[in-house]
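Structure file run.txt; described as compact mmCIF, C-alpha atoms.
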# COMPACT_ATOMS: atom_id res chain seq x y z
CA MET Z 996 18.68 -22.62 -8.27
CA GLU Z 997 20.62 -24.80 -5.82
CA LYS Z 998 21.74 -22.85 -2.75
CA ILE Z 999 25.49 -23.25 -2.57
CA PHE Z 1000 26.73 -20.33 -0.48
CA ASN Z 1001 26.36 -21.97 2.95
CA ASN Z 1002 29.12 -24.51 2.32
CA THR Z 1003 31.76 -23.21 4.75
CA GLN Z 1004 34.14 -26.12 4.15
CA VAL Z 1005 34.62 -24.93 0.56
CA ALA Z 1006 34.53 -21.25 1.57
CA PHE Z 1007 37.32 -21.46 4.15
CA GLU Z 1008 39.36 -24.42 2.91
CA LEU Z 1009 42.42 -22.22 2.31
CA LYS Z 1010 42.29 -20.69 5.80
CA SER Z 1011 44.29 -22.29 8.58
CA ASP Z 1012 42.76 -22.47 12.04
CA THR Z 1013 44.89 -19.47 13.03
CA GLN Z 1014 43.70 -17.41 10.04
CA LEU Z 1015 40.09 -18.37 10.77
CA GLU Z 1016 40.48 -17.19 14.38
CA ARG Z 1017 42.01 -13.91 13.18
CA ALA Z 1018 39.05 -13.38 10.85
CA TYR Z 1019 36.66 -14.07 13.72
CA PHE Z 1020 38.48 -11.56 15.94
CA LEU Z 1021 38.52 -8.87 13.24
CA PHE Z 1022 34.83 -9.10 12.40
CA LYS Z 1023 33.91 -9.16 16.11
CA MET Z 1024 35.79 -5.86 16.44
CA ILE Z 1025 34.25 -4.39 13.28
CA GLU Z 1026 30.79 -5.31 14.62
CA ILE Z 1027 31.20 -2.68 17.35
CA GLN Z 1028 30.69 0.70 15.62
CA PRO Z 1029 32.17 2.91 18.39
CA LEU Z 1030 35.26 0.69 18.42
CA VAL Z 1031 35.72 1.21 14.66
CA ARG Z 1032 35.57 4.99 15.12
CA ILE Z 1033 37.99 4.93 18.04
CA GLY Z 1034 40.32 2.49 16.27
CA THR Z 1035 40.34 4.67 13.16
CA ALA Z 1036 41.27 7.78 15.15
CA VAL Z 1037 43.98 5.98 17.14
CA THR Z 1038 45.47 4.37 14.00
CA ASN Z 1039 45.56 7.68 12.13
CA PHE Z 1040 47.25 9.36 15.11
CA ALA Z 1041 49.80 6.56 15.47
CA LEU Z 1042 50.73 6.69 11.79
CA LYS Z 1043 51.01 10.48 11.72
CA ALA Z 1044 53.14 10.38 14.87
CA HIS Z 1045 55.31 7.70 13.23
CA LEU Z 1046 54.74 5.28 16.10
CA PRO Z 1047 55.90 1.70 15.38
CA VAL Z 1048 52.46 0.23 14.64
CA GLU Z 1049 52.87 -0.92 11.04
CA GLY Z 1050 53.92 -4.41 12.10
CA LEU Z 1051 50.77 -4.81 14.20
CA ILE Z 1052 48.57 -3.50 11.38
CA ARG Z 1053 50.31 -5.78 8.88
CA SER Z 1054 49.74 -8.91 10.96
CA THR Z 1055 46.05 -8.22 11.61
CA VAL Z 1056 43.75 -6.09 9.45
CA PHE Z 1057 46.22 -5.57 6.56
CA ASP Z 1058 46.92 -9.25 5.93
CA HIS Z 1059 43.21 -10.07 6.11
CA PHE Z 1060 42.08 -7.47 3.56
CA CYS Z 1061 45.24 -6.97 1.44
CA GLY Z 1062 47.52 -9.15 -0.67
CA GLY Z 1063 50.81 -7.53 0.25
CA VAL Z 1064 52.91 -4.38 0.12
CA SER Z 1065 53.95 -4.86 -3.53
CA GLU Z 1066 52.76 -6.73 -6.61
CA ASN Z 1067 55.41 -9.43 -6.07
CA ASP Z 1068 54.38 -9.74 -2.44
CA CYS Z 1069 50.86 -10.63 -3.65
CA LEU Z 1070 51.91 -13.62 -5.75
CA ARG Z 1071 51.75 -16.10 -2.86
CA VAL Z 1072 48.11 -15.13 -2.24
CA VAL Z 1073 47.31 -15.05 -5.97
CA ASP Z 1074 48.69 -18.54 -6.55
CA ASN Z 1075 47.04 -19.91 -3.41
CA MET Z 1076 43.58 -18.65 -4.37
CA PHE Z 1077 43.94 -19.90 -7.93
CA THR Z 1078 44.40 -23.47 -6.67
CA LYS Z 1079 40.65 -23.22 -5.93
CA GLY Z 1080 39.80 -21.49 -9.20
CA VAL Z 1081 39.51 -17.98 -7.75
CA SER Z 1082 41.33 -15.34 -9.83
CA SER Z 1083 42.79 -12.03 -8.61
CA VAL Z 1084 42.56 -8.39 -9.60
CA LEU Z 1085 45.67 -6.60 -8.31
CA ASP Z 1086 44.41 -3.27 -6.97
CA TYR Z 1087 47.04 -0.65 -6.12
CA SER Z 1088 45.02 0.87 -3.28
CA VAL Z 1089 47.00 4.02 -2.55
CA GLU Z 1090 44.46 6.85 -2.32
CA GLY Z 1091 44.37 10.61 -1.97
CA LYS Z 1092 47.47 11.56 -3.97
CA GLU Z 1093 47.42 14.96 -5.66
CA ASP Z 1094 50.57 15.66 -7.67
CA GLU Z 1095 51.87 14.79 -11.11
CA LYS Z 1096 54.72 12.63 -9.87
CA GLN Z 1097 52.29 10.46 -7.92
CA PHE Z 1098 49.88 10.23 -10.87
CA ASP Z 1099 52.72 9.05 -13.10
CA ALA Z 1100 53.71 6.51 -10.43
CA ALA Z 1101 50.11 5.19 -10.37
CA LEU Z 1102 50.20 4.90 -14.17
CA ASP Z 1103 53.48 2.96 -14.02
CA MET Z 1104 52.07 0.64 -11.37
CA THR Z 1105 48.91 0.00 -13.41
CA ILE Z 1106 51.02 -0.83 -16.46
CA LYS Z 1107 53.06 -3.20 -14.32
CA THR Z 1108 49.90 -5.00 -13.16
CA ILE Z 1109 48.80 -5.33 -16.81
CA GLU Z 1110 52.14 -6.97 -17.58
CA PHE Z 1111 51.65 -9.24 -14.55
CA ALA Z 1112 48.20 -10.17 -15.82
CA LYS Z 1113 49.50 -10.92 -19.30
CA GLU Z 1114 51.89 -13.48 -17.83
CA ARG Z 1115 49.47 -15.13 -15.40
CA LEU Z 1116 46.16 -16.88 -16.05
CA ALA Z 1117 45.31 -16.23 -12.39
CA ILE Z 1118 45.11 -12.45 -13.02
CA PRO Z 1119 42.49 -11.78 -15.74
CA PHE Z 1120 42.03 -8.03 -15.09
CA ALA Z 1121 43.95 -4.90 -14.21
CA VAL Z 1122 42.32 -1.92 -12.47
CA PHE Z 1123 42.77 1.76 -11.59
CA LYS Z 1124 40.80 4.69 -10.19
CA PRO Z 1125 40.26 7.83 -12.31
CA THR Z 1126 41.59 10.03 -9.48
CA GLY Z 1127 44.73 7.90 -9.45
CA PHE Z 1128 45.59 9.55 -12.79
CA GLY Z 1129 44.49 13.12 -12.13
CA ARG Z 1130 43.18 15.60 -9.58
CA PHE Z 1131 39.60 15.21 -8.39
CA ALA Z 1132 39.00 18.94 -8.90
CA LEU Z 1133 39.63 18.67 -12.64
CA TYR Z 1134 36.95 15.99 -13.08
CA GLN Z 1135 34.59 18.03 -10.92
CA LYS Z 1136 35.15 21.21 -12.91
CA ILE Z 1137 34.26 19.44 -16.16
CA GLY Z 1138 31.12 18.03 -14.56
CA GLU Z 1139 30.09 21.51 -13.45
CA GLY Z 1140 30.56 22.86 -16.98
CA LYS Z 1141 33.31 25.29 -15.94
CA SER Z 1142 36.14 26.32 -18.23
CA PHE Z 1143 39.73 25.36 -17.57
CA THR Z 1144 42.58 27.79 -17.30
CA ALA Z 1145 45.38 27.18 -19.79
CA GLU Z 1146 47.37 25.45 -17.05
CA GLU Z 1147 44.41 23.25 -16.08
CA GLN Z 1148 43.81 22.31 -19.71
CA SER Z 1149 47.41 21.19 -20.00
CA GLU Z 1150 47.00 19.20 -16.80
CA TRP Z 1151 43.80 17.57 -18.08
CA ASP Z 1152 45.52 16.68 -21.36
CA ARG Z 1153 48.04 14.71 -19.29
CA VAL Z 1154 45.19 12.88 -17.54
CA VAL Z 1155 43.71 11.91 -20.90
CA ALA Z 1156 47.15 10.81 -22.10
CA ARG Z 1157 47.54 8.54 -19.05
CA PHE Z 1158 44.14 6.95 -19.73
CA ASP Z 1159 44.98 6.47 -23.38
CA LYS Z 1160 48.39 4.98 -22.68
CA VAL Z 1161 47.13 2.41 -20.18
CA CYS Z 1162 44.14 1.45 -22.36
CA GLN Z 1163 46.40 1.07 -25.40
CA ILE Z 1164 48.72 -1.26 -23.48
CA ALA Z 1165 45.77 -3.26 -22.11
CA HIS Z 1166 44.42 -3.61 -25.65
CA ASP Z 1167 47.77 -4.61 -27.12
CA LYS Z 1168 48.34 -7.23 -24.39
CA ASP Z 1169 44.70 -8.40 -24.46
CA VAL Z 1170 44.16 -7.77 -20.75
CA ALA Z 1171 40.77 -6.48 -19.60
CA LEU Z 1172 40.97 -3.20 -17.68
CA LEU Z 1173 38.51 -2.19 -14.94
CA ILE Z 1174 38.14 1.53 -14.23
CA ASP Z 1175 36.56 2.15 -10.84
CA GLY Z 1176 33.66 4.51 -10.10
CA GLU Z 1177 33.92 7.38 -7.65
CA GLU Z 1178 31.79 10.27 -6.33
CA SER Z 1179 28.92 11.43 -8.55
CA TRP Z 1180 30.14 15.02 -8.83
CA MET Z 1181 33.30 13.92 -10.62
CA GLN Z 1182 31.91 10.84 -12.37
CA GLU Z 1183 30.45 12.52 -15.46
CA ALA Z 1184 33.89 13.56 -16.69
CA ALA Z 1185 35.27 10.09 -15.92
CA ASP Z 1186 32.33 8.45 -17.73
CA ASP Z 1187 32.91 10.50 -20.86
CA LEU Z 1188 36.61 9.73 -20.82
CA VAL Z 1189 36.05 5.99 -20.35
CA THR Z 1190 33.42 5.95 -23.10
CA ASN Z 1191 35.96 7.48 -25.48
CA MET Z 1192 38.41 4.73 -24.49
CA MET Z 1193 35.74 2.10 -25.22
CA ARG Z 1194 35.13 3.66 -28.64
CA LYS Z 1195 38.81 3.37 -29.40
CA TYR Z 1196 39.81 0.05 -27.84
CA ASN Z 1197 36.63 -2.06 -27.62
CA LYS Z 1198 36.11 -2.56 -31.35
CA GLU Z 1199 36.55 -6.35 -31.26
CA LYS Z 1200 35.49 -7.11 -27.67
CA ALA Z 1201 35.29 -5.50 -24.25
CA ILE Z 1202 38.77 -4.57 -23.04
CA VAL Z 1203 37.98 -1.30 -21.22
CA PHE Z 1204 35.37 -1.56 -18.45
CA ASN Z 1205 33.60 1.34 -16.78
CA THR Z 1206 31.91 1.01 -13.37
CA LEU Z 1207 28.23 1.62 -12.63
CA GLN Z 1208 27.34 2.30 -9.00
CA MET Z 1209 23.78 1.07 -8.89
CA TYR Z 1210 22.81 2.87 -5.69
CA ARG Z 1211 22.48 5.79 -8.08
CA TRP Z 1212 18.94 5.82 -9.50
CA ASP Z 1213 20.09 7.18 -12.89
CA ARG Z 1214 22.61 4.45 -13.76
CA LEU Z 1215 20.27 2.03 -15.54
CA ASP Z 1216 19.21 4.78 -17.95
CA TYR Z 1217 22.88 5.64 -18.44
CA LEU Z 1218 23.65 2.00 -19.29
CA LYS Z 1219 20.87 1.97 -21.89
CA LYS Z 1220 22.16 5.23 -23.39
CA ILE Z 1221 25.71 3.86 -23.70
CA HIS Z 1222 24.32 0.64 -25.21
CA ALA Z 1223 22.50 2.64 -27.90
CA LEU Z 1224 25.73 4.52 -28.60
CA ALA Z 1225 27.71 1.28 -28.84
CA LYS Z 1226 25.26 -0.22 -31.32
CA ALA Z 1227 25.28 2.93 -33.44
CA GLU Z 1228 29.07 3.29 -33.46
CA GLY Z 1229 30.09 -0.37 -33.40
CA PHE Z 1230 31.96 -0.90 -30.15
CA TYR Z 1231 31.58 -3.30 -27.21
CA ILE Z 1232 30.66 -2.41 -23.64
CA GLY Z 1233 32.49 -3.60 -20.54
CA MET Z 1234 30.80 -2.75 -17.24
CA LYS Z 1235 31.57 -3.54 -13.66
CA LEU Z 1236 28.36 -3.40 -11.64
CA VAL Z 1237 28.55 -2.53 -7.95
CA ARG Z 1238 26.10 -1.12 -5.46
CA GLY Z 1239 28.41 1.73 -4.40
CA ALA Z 1240 30.76 2.89 -1.66
CA TYR Z 1241 30.10 6.59 -1.02
CA MET Z 1242 26.45 6.68 0.07
CA GLU Z 1243 26.83 8.72 3.24
CA LYS Z 1244 29.08 11.25 1.52
CA GLU Z 1245 26.67 11.51 -1.44
CA ASN Z 1246 23.60 12.09 0.72
CA ASN Z 1247 25.35 14.61 2.95
CA ARG Z 1248 26.65 16.66 0.02
CA ALA Z 1249 23.24 16.68 -1.65
CA GLU Z 1250 21.62 17.96 1.54
CA GLU Z 1251 24.30 20.58 2.17
CA ASN Z 1252 24.12 21.91 -1.40
CA GLY Z 1253 20.35 21.70 -1.80
CA TYR Z 1254 20.03 19.29 -4.73
CA PRO Z 1255 18.20 15.95 -4.94
CA THR Z 1256 20.33 13.04 -3.79
CA PRO Z 1257 21.55 10.79 -6.62
CA ILE Z 1258 21.13 7.79 -4.30
CA CYS Z 1259 18.12 5.45 -4.42
CA ALA Z 1260 15.58 6.10 -1.67
CA THR Z 1261 15.82 2.63 -0.10
CA LYS Z 1262 18.08 -0.41 0.09
CA GLN Z 1263 15.42 -2.38 -1.78
CA ALA Z 1264 15.38 0.18 -4.59
CA THR Z 1265 19.15 -0.18 -4.89
CA ASP Z 1266 18.88 -3.97 -4.98
CA ASP Z 1267 16.17 -3.76 -7.66
CA ASN Z 1268 18.27 -1.31 -9.68
CA TYR Z 1269 21.33 -3.58 -9.48
CA ASP Z 1270 19.40 -6.66 -10.54
CA ALA Z 1271 17.69 -4.78 -13.38
CA ALA Z 1272 21.11 -3.80 -14.74
CA VAL Z 1273 22.27 -7.42 -14.56
CA VAL Z 1274 19.16 -8.54 -16.46
CA TYR Z 1275 19.70 -5.86 -19.10
CA MET Z 1276 23.33 -6.80 -19.61
CA VAL Z 1277 22.69 -10.54 -19.85
CA ASP Z 1278 19.83 -9.89 -22.30
CA ASN Z 1279 22.30 -7.93 -24.44
CA ILE Z 1280 25.39 -10.05 -23.78
CA GLU Z 1281 26.26 -10.21 -27.48
CA ARG Z 1282 27.64 -6.66 -27.17
CA MET Z 1283 28.52 -6.60 -23.49
CA ALA Z 1284 30.79 -8.08 -20.85
CA ILE Z 1285 29.85 -7.94 -17.18
CA PHE Z 1286 31.93 -7.93 -14.01
CA ALA Z 1287 29.30 -8.40 -11.29
CA GLY Z 1288 30.92 -6.96 -8.19
CA THR Z 1289 28.61 -8.01 -5.38
CA HIS Z 1290 28.61 -9.46 -1.88
CA ASN Z 1291 24.87 -10.04 -2.16
CA GLU Z 1292 23.89 -13.70 -2.31
CA ASN Z 1293 20.51 -13.05 -3.96
CA SER Z 1294 22.07 -11.01 -6.75
CA SER Z 1295 24.64 -13.73 -7.31
CA TYR Z 1296 21.96 -16.41 -7.54
CA ARG Z 1297 19.97 -14.18 -9.91
CA LEU Z 1298 22.91 -13.87 -12.30
CA MET Z 1299 23.47 -17.63 -12.15
CA GLU Z 1300 19.80 -18.18 -13.06
CA LEU Z 1301 19.95 -15.68 -15.92
CA MET Z 1302 23.04 -17.33 -17.38
CA ASN Z 1303 21.27 -20.69 -17.27
CA GLU Z 1304 18.11 -19.28 -18.87
CA LYS Z 1305 20.18 -17.63 -21.60
CA GLY Z 1306 22.06 -20.87 -22.27
CA LEU Z 1307 25.43 -19.36 -21.33
CA GLU Z 1308 28.24 -21.62 -20.19
CA LYS Z 1309 29.19 -21.12 -16.54
CA ASN Z 1310 32.68 -20.06 -17.60
CA ASP Z 1311 31.57 -17.74 -20.41
CA SER Z 1312 34.43 -15.24 -20.68
CA ARG Z 1313 31.97 -12.31 -20.84
CA VAL Z 1314 30.69 -12.91 -17.31
CA PHE Z 1315 32.73 -12.61 -14.11
CA PHE Z 1316 31.63 -12.50 -10.48
CA GLY Z 1317 33.75 -10.37 -8.17
CA GLN Z 1318 34.22 -9.85 -4.44
CA LEU Z 1319 36.76 -8.11 -2.24
CA PHE Z 1320 39.60 -10.09 -0.70
CA GLY Z 1321 38.87 -10.88 2.93
CA MET Z 1322 35.09 -10.79 2.47
CA SER Z 1323 32.34 -13.11 1.20
CA ASP Z 1324 34.55 -16.15 0.73
CA ASN Z 1325 31.37 -18.22 0.90
CA ILE Z 1326 30.29 -16.63 -2.41
CA SER Z 1327 33.66 -16.57 -4.15
CA TYR Z 1328 34.91 -20.08 -3.47
CA ASN Z 1329 31.57 -21.82 -3.88
CA LEU Z 1330 31.02 -20.08 -7.23
CA ALA Z 1331 34.48 -21.13 -8.38
CA ALA Z 1332 33.88 -24.70 -7.22
CA ALA Z 1333 30.66 -24.71 -9.28
CA GLY Z 1334 32.59 -23.67 -12.40
CA TYR Z 1335 31.88 -19.93 -12.65
CA ASN Z 1336 34.45 -17.19 -13.37
CA VAL Z 1337 35.32 -15.46 -10.08
CA ALA Z 1338 37.90 -12.80 -9.24
CA LYS Z 1339 38.81 -11.27 -5.91
CA TYR Z 1340 39.92 -7.62 -5.75
CA LEU Z 1341 43.33 -7.94 -4.09
CA PRO Z 1342 44.47 -4.55 -2.71
CA PHE Z 1343 48.17 -3.93 -2.23
CA GLY Z 1344 50.57 -1.12 -1.40
CA PRO Z 1345 52.66 0.20 1.50
CA VAL Z 1346 50.84 -0.31 4.81
CA ARG Z 1347 50.78 3.40 5.62
CA ASP Z 1348 49.44 4.39 2.19
CA VAL Z 1349 46.74 1.70 2.13
CA MET Z 1350 45.24 2.71 5.50
CA PRO Z 1351 42.53 4.97 3.96
CA TYR Z 1352 41.32 1.93 1.99
CA LEU Z 1353 41.35 -0.30 5.08
CA ILE Z 1354 39.46 2.27 7.13
CA ARG Z 1355 36.84 2.51 4.39
CA ARG Z 1356 36.47 -1.30 4.43
CA ALA Z 1357 35.91 -1.31 8.19
CA GLU Z 1358 33.40 1.54 8.01
CA GLU Z 1359 31.57 -0.11 5.12
CA ASN Z 1360 31.20 -3.33 7.10
CA THR Z 1361 29.67 -1.48 10.03
CA SER Z 1362 27.21 0.40 7.80
CA VAL Z 1363 26.06 -2.37 5.44
CA ALA Z 1364 23.18 -4.14 7.13
CA GLY Z 1365 24.00 -7.75 7.91
CA GLN Z 1366 27.44 -7.85 6.27
CA THR Z 1367 29.51 -8.31 9.44
CA SER Z 1368 27.00 -10.58 11.17
CA ARG Z 1369 26.85 -12.80 8.08
CA GLU Z 1370 30.65 -13.09 8.01
CA LEU Z 1371 30.65 -13.96 11.71
CA ASP Z 1372 27.89 -16.55 11.36
CA LEU Z 1373 29.78 -18.32 8.57
CA ILE Z 1374 33.04 -18.29 10.52
CA LYS Z 1375 31.27 -19.67 13.62
CA LYS Z 1376 29.74 -22.42 11.50
CA GLU Z 1377 33.14 -23.38 10.11
CA ARG Z 1378 34.77 -23.32 13.55
CA ALA Z 1379 32.08 -25.67 14.81
CA ARG Z 1380 32.48 -27.96 11.79
CA ARG Z 1381 36.23 -28.21 12.33
CA LYS Z 1382 35.81 -29.04 16.03
CA LEU Z 1383 33.54 -31.92 15.06
Can you present the structure in this file as structure tokens?
Amino acid sequence: MEKIFNNTQVAFELKSDTQLERAYFLFKMIEIQPLVRIGTAVTNFALKAHLPVEGLIRSTVFDHFCGGVSENDCLRVVDNMFTKGVSSVLDYSVEGKEDEKQFDAALDMTIKTIEFAKERLAIPFAVFKPTGFGRFALYQKIGEGKSFTAEEQSEWDRVVARFDKVCQIAHDKDVALLIDGEESWMQEAADDLVTNMMRKYNKEKAIVFNTLQMYRWDRLDYLKKIHALAKAEGFYIGMKLVRGAYMEKENNRAEENGYPTPICATKQATDDNYDAAVVYMVDNIERMAIFAGTHNENSSYRLMELMNEKGLEKNDSRVFFGQLFGMSDNISYNLAAAGYNVAKYLPFGPVRDVMPYLIRRAEENTSVAGQTSRELDLIKKERARRKL
């Protein structure tokens, strides 16, 4: 397989010299772990104290990792990326809300992004998080096999109704819908709910997509179980594959509560698990659709090879590659230039409300081996190329 991900001219063609320098500055800062911790604490304090820092955040880290403060604000970025064949997934990245009014607002926003997607070829997916539609504790209680009070049952019925409403609209408008994965101790309830949505709305093709976090050692077996169910009951499977974003939290909770960690023992085991799931899905592509969310070059090359071996067209609608906005442009834009389906997750929302997401991005970059240094190396290479 031809190695295409080192072409920085293609990767950064849309970035001005000023934007490239900002990216270099940001990743240099993120490279310093103590600075990330200090910056996180200072930012949280400034926001809670209502200090006038939102403008500074907006012009630096926010604009690098986010599309805008609203869905309309994102359109400039969406249209710009699509000139190079890179699609967008509008991700309303407001986290940690806990009341019914906020859950209904998240539902309304997700419906709005579906309507946006219906009108724009550049937006092939909509997305939401399970805890955007209901309290974490409800999902956890189901996973623990505990009974609901009458009030909790009524609350859960509203969660199910939100899922059903958004999946129905996605189905009716023919817009694929990604449902993100979260912590393992709430995921079982979310999995069951999403599977029921697949049963109902994936009868002709994959519209509803669940997410498998492949740093969990049990997820490949889960995929095979759902596949058997789909064959028996006659529905299609949509899956977004990612490595996972809650590893430290997962390991700490397992240790504190005295149960075996659900996380693979090593990084290599996670990589092997991810690639095995990709192989399984491509081998069974007649009943599946895959959104391969990865910043890993080897996994991307592996999927490209599998598609070629299987005789799939590069732009087969059942296969998408995905990366986060502001990261791994070398993968996204070079894949698009080669003719593959690529979509960037494009977070948006009020600056203050999106800060938990941005902090998680910074922490993830400091903890994922090689991620920040790779970004910096590519930016340095492009800076040098432009000077020549």
*Show which residues sit within 9 Å of Asp1159 in chain Z, as a list in words. Count all atoms listed in the file, and ignore same-chain residues fewer than 5 positions away.*
Val1154, Ile1164 and Met1192 of chain Z
Within 12 Å of range 1083-1087 of chain Z: each range 1248-1359 of chain Z residue with its shortest pair, all atoms listed in the file, as CSV:
residue,atom,partner,partner_atom,distance
Z:Phe1286,CA,Z:Val1084,CA,11.5
Z:Gly1288,CA,Z:Val1084,CA,11.8
Z:Phe1315,CA,Z:Ser1083,CA,11.5
Z:Phe1316,CA,Z:Ser1083,CA,11.3
Z:Gly1317,CA,Z:Val1084,CA,9.1
Z:Gln1318,CA,Z:Ser1083,CA,9.8
Z:Leu1319,CA,Z:Val1084,CA,9.4
Z:Phe1320,CA,Z:Ser1083,CA,8.7
Z:Ser1327,CA,Z:Ser1083,CA,11.1
Z:Asn1336,CA,Z:Ser1083,CA,10.9
Z:Val1337,CA,Z:Ser1083,CA,8.4
Z:Ala1338,CA,Z:Ser1083,CA,5.0
Z:Lys1339,CA,Z:Ser1083,CA,4.9
Z:Tyr1340,CA,Z:Val1084,CA,4.7
Z:Leu1341,CA,Z:Leu1085,CA,5.0
Z:Pro1342,CA,Z:Asp1086,CA,4.4
Z:Phe1343,CA,Z:Tyr1087,CA,5.2
Z:Gly1344,CA,Z:Tyr1087,CA,5.9
Z:Pro1345,CA,Z:Tyr1087,CA,9.5
Z:Val1346,CA,Z:Tyr1087,CA,11.6
Z:Asp1348,CA,Z:Tyr1087,CA,10.0
Z:Val1349,CA,Z:Tyr1087,CA,8.6
Z:Tyr1352,CA,Z:Tyr1087,CA,10.3
*At what distance in Å, to one decimal, does CA of Leu1330 in chain Z lie from CA of Arg1380 in chain Z?*
20.6 Å
_Non-local contacts of range 1119-1122 of chain Z (6 Å; only C-alpha atoms; under 3 positions in same chain excluded) as a list in words_ = Val1084, Ile1109, Ala1112, Ala1171, Leu1172, Leu1173 and Ile1174 of chain Z
*Out of Z:Arg1378, Z:Arg1211, Z:Lys1124, Z:His1290, which residue has the shortest atom-to-atom distance to Gly1176 in chain Z when counting all atoms listed in the file?*
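Comparing Z:Arg1378, Z:Arg1211, Z:Lys1124, Z:His1290 against Gly1176 in chain Z, the winner is Z:Lys1124.
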*For Lys1079 in chain Z, which residue out of Z:Ala1117, Z:Ile1052, Z:Val1161, Z:Ala1227 is the nearest one, using only C-alpha atoms?*
Z:Ala1117
*Which value, in Å to one decimal, gives the distance between CA of Leu1371 in chain Z and CA of Arg1347 in chain Z?*
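Interatomic distance, CA of Leu1371 in chain Z to CA of Arg1347 in chain Z: 27.3 Å.
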*Quick one: of Z:Asn1268, Z:Asp1152, Z:Glu1199, Z:Asn1310, who's nearest to Glu1281 in chain Z, counting all atoms listed in the file?*
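With all atoms listed in the file as the atom set, the closest residue is Z:Glu1199.
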*Just how far from CA of Asn1205 in chain Z is CA of Asn1252 in chain Z, in Å to one decimal?*
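Straight-line distance from CA of Asn1252 in chain Z to CA of Asn1205 in chain Z works out to 27.4 Å.
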*asked:* With all atoms listed in the file as the counted atoms, please give the residues lying no more than 10 Å from Phe1128 in chain Z, apart from itself and same-chain residues fewer than 2 positions off, as a list in words.
replied: Lys1092, Glu1093, Asp1094, Glu1095, Gln1097, Phe1098, Asp1099, Ala1100, Ala1101, Leu1102, Phe1123, Lys1124, Pro1125, Thr1126, Arg1130, Phe1131, Trp1151, Arg1153, Val1154, Val1155, Ala1156, Arg1157 and Phe1158 of chain Z
